[in-house]
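Enquirer: Dropping a structure here in structure tokens format, bear with me for questions.
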Amino acid sequence: MAELGFLIQAMADLVLGAFVLRWLFAVRRTDFRNPFVHSLHRLTNPVILPLRRFLPSVGRTDSATVVALVVIAVCRSALLCIFHGYGVSSAVLLFFGALVTVVRMLLWIFLGAVFAHALLSWVADPYNPVSRLLADVSDPILRPIRRYLPLMGGLDLSPLAALLLLQLALYSLNLRLAPLFFPYDL
């Protein structure tokens, strides 16, 4: 039975991750011609395009993507609560649990992007589409750290500091907030 719970959570996290990435790529104004970004848009368009008929963009924010992201996160939380036998207590707790889930997913995405960007910076061409995408995603995390952490003998230690800070944020989130909303996720 635990295996089924893991499978449900993994599939829900994959779907949620796709929509978080779509939102993040829109916020970061990532190049749409990048093959990965284009594929992600094509994958998530069946959900987003019908929502856009009812939810126009507000400024630079794609409200259809934000609504889809929140609905998927709430459904994920409700499904996992029901599966683990906790039931759905209130819509407010589900909503805040969904926000914690989205923030946790963003932290994992930033962790992966910073780590992969640091590794690829040693071996890959900086104009490679994957390298450009990882640079676009990890830049908001690395830029403020680079202002305060100078190069040490030609080595950029900002990815190391960023990984440490992101892991600290993830640890704090999992230790302090997640148990309030996800009793099954201990």
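Just so we're on the same page: first chain in the structure tokens is A, next is B, and so on; residues restart at 1 for each chain, and ligands are numbered from 1 in the order they show up.
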Could you pull out the helix (DSSP H, G or I) residues of chain A, going by DSSP on the backbone, and write them as number ranges by chain?

Expert: A: 2-27, 35-52, 63-83, 91-123, 129-148, 158-181

Enquirer: Show me, as a Markdown table, the residues of region 25-83 of chain A having an atom within 8 Å of region 133-136 of chain A, each with the closest atom pair and its distance in Å, using only C-alpha atoms.

Expert:
```
| residue | atom | partner | partner_atom | distance |
| --- | --- | --- | --- | --- |
| A:Arg28 | CA | A:Asp136 | CA | 6.9 |
| A:Thr30 | CA | A:Asp136 | CA | 6.6 |
| A:Asn34 | CA | A:Leu133 | CA | 7.6 |
```

Enquirer: Between A:Pro56, A:Pro140, A:Gly17, A:Pro126, single out the one closest to Met105 (chain A), counting only C-alpha atoms.

Expert: A:Gly17

Enquirer: When you draw a straight line from CA of Ala26 (chain A) to CA of Leu40 (chain A), how long is it in Å?

Expert: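 Atom-to-atom, CA of Ala26 (chain A) and CA of Leu40 (chain A) are spaced 11.5 Å apart.
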
Enquirer: Considering only C-alpha atoms, state which residue in the set A:Leu24, A:Leu106, A:Ala116, A:Val74 is at the smallest distance from Ala169 (chain A).

Expert: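 Among A:Leu24, A:Leu106, A:Ala116, A:Val74, it is A:Leu106 that comes nearest to Ala169 (chain A).
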
Enquirer: Would you mind telling me which residue in A:Arg104, A:Arg60, A:Arg33, A:Arg52 lies nearest to Leu16 (chain A) when using only C-alpha atoms?

Expert: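 Using only C-alpha atoms, the shortest distance to Leu16 (chain A) belongs to A:Arg104.
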
Enquirer: Just the residues within 12 Å of Phe6 (chain A), please, counting only C-alpha atoms, with nothing from its chain fewer than 2 positions along; format it as a VMD selection string.

Expert: chain A and resid 1 to 4 8 to 13 80 83 to 84 184 to 185

Enquirer: Would you mind reading off the distance between CA of Ser158 (chain A) and CA of Tyr171 (chain A), one decimal, in Å?

Expert: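 Interatomic distance, CA of Ser158 (chain A) to CA of Tyr171 (chain A): 19.6 Å.
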
Enquirer: Using only C-alpha atoms, find the one residue out of A:Leu165, A:Asp62, A:Leu175, A:Gly97 that sits nearest to Ile145 (chain A).

Expert: A:Leu165
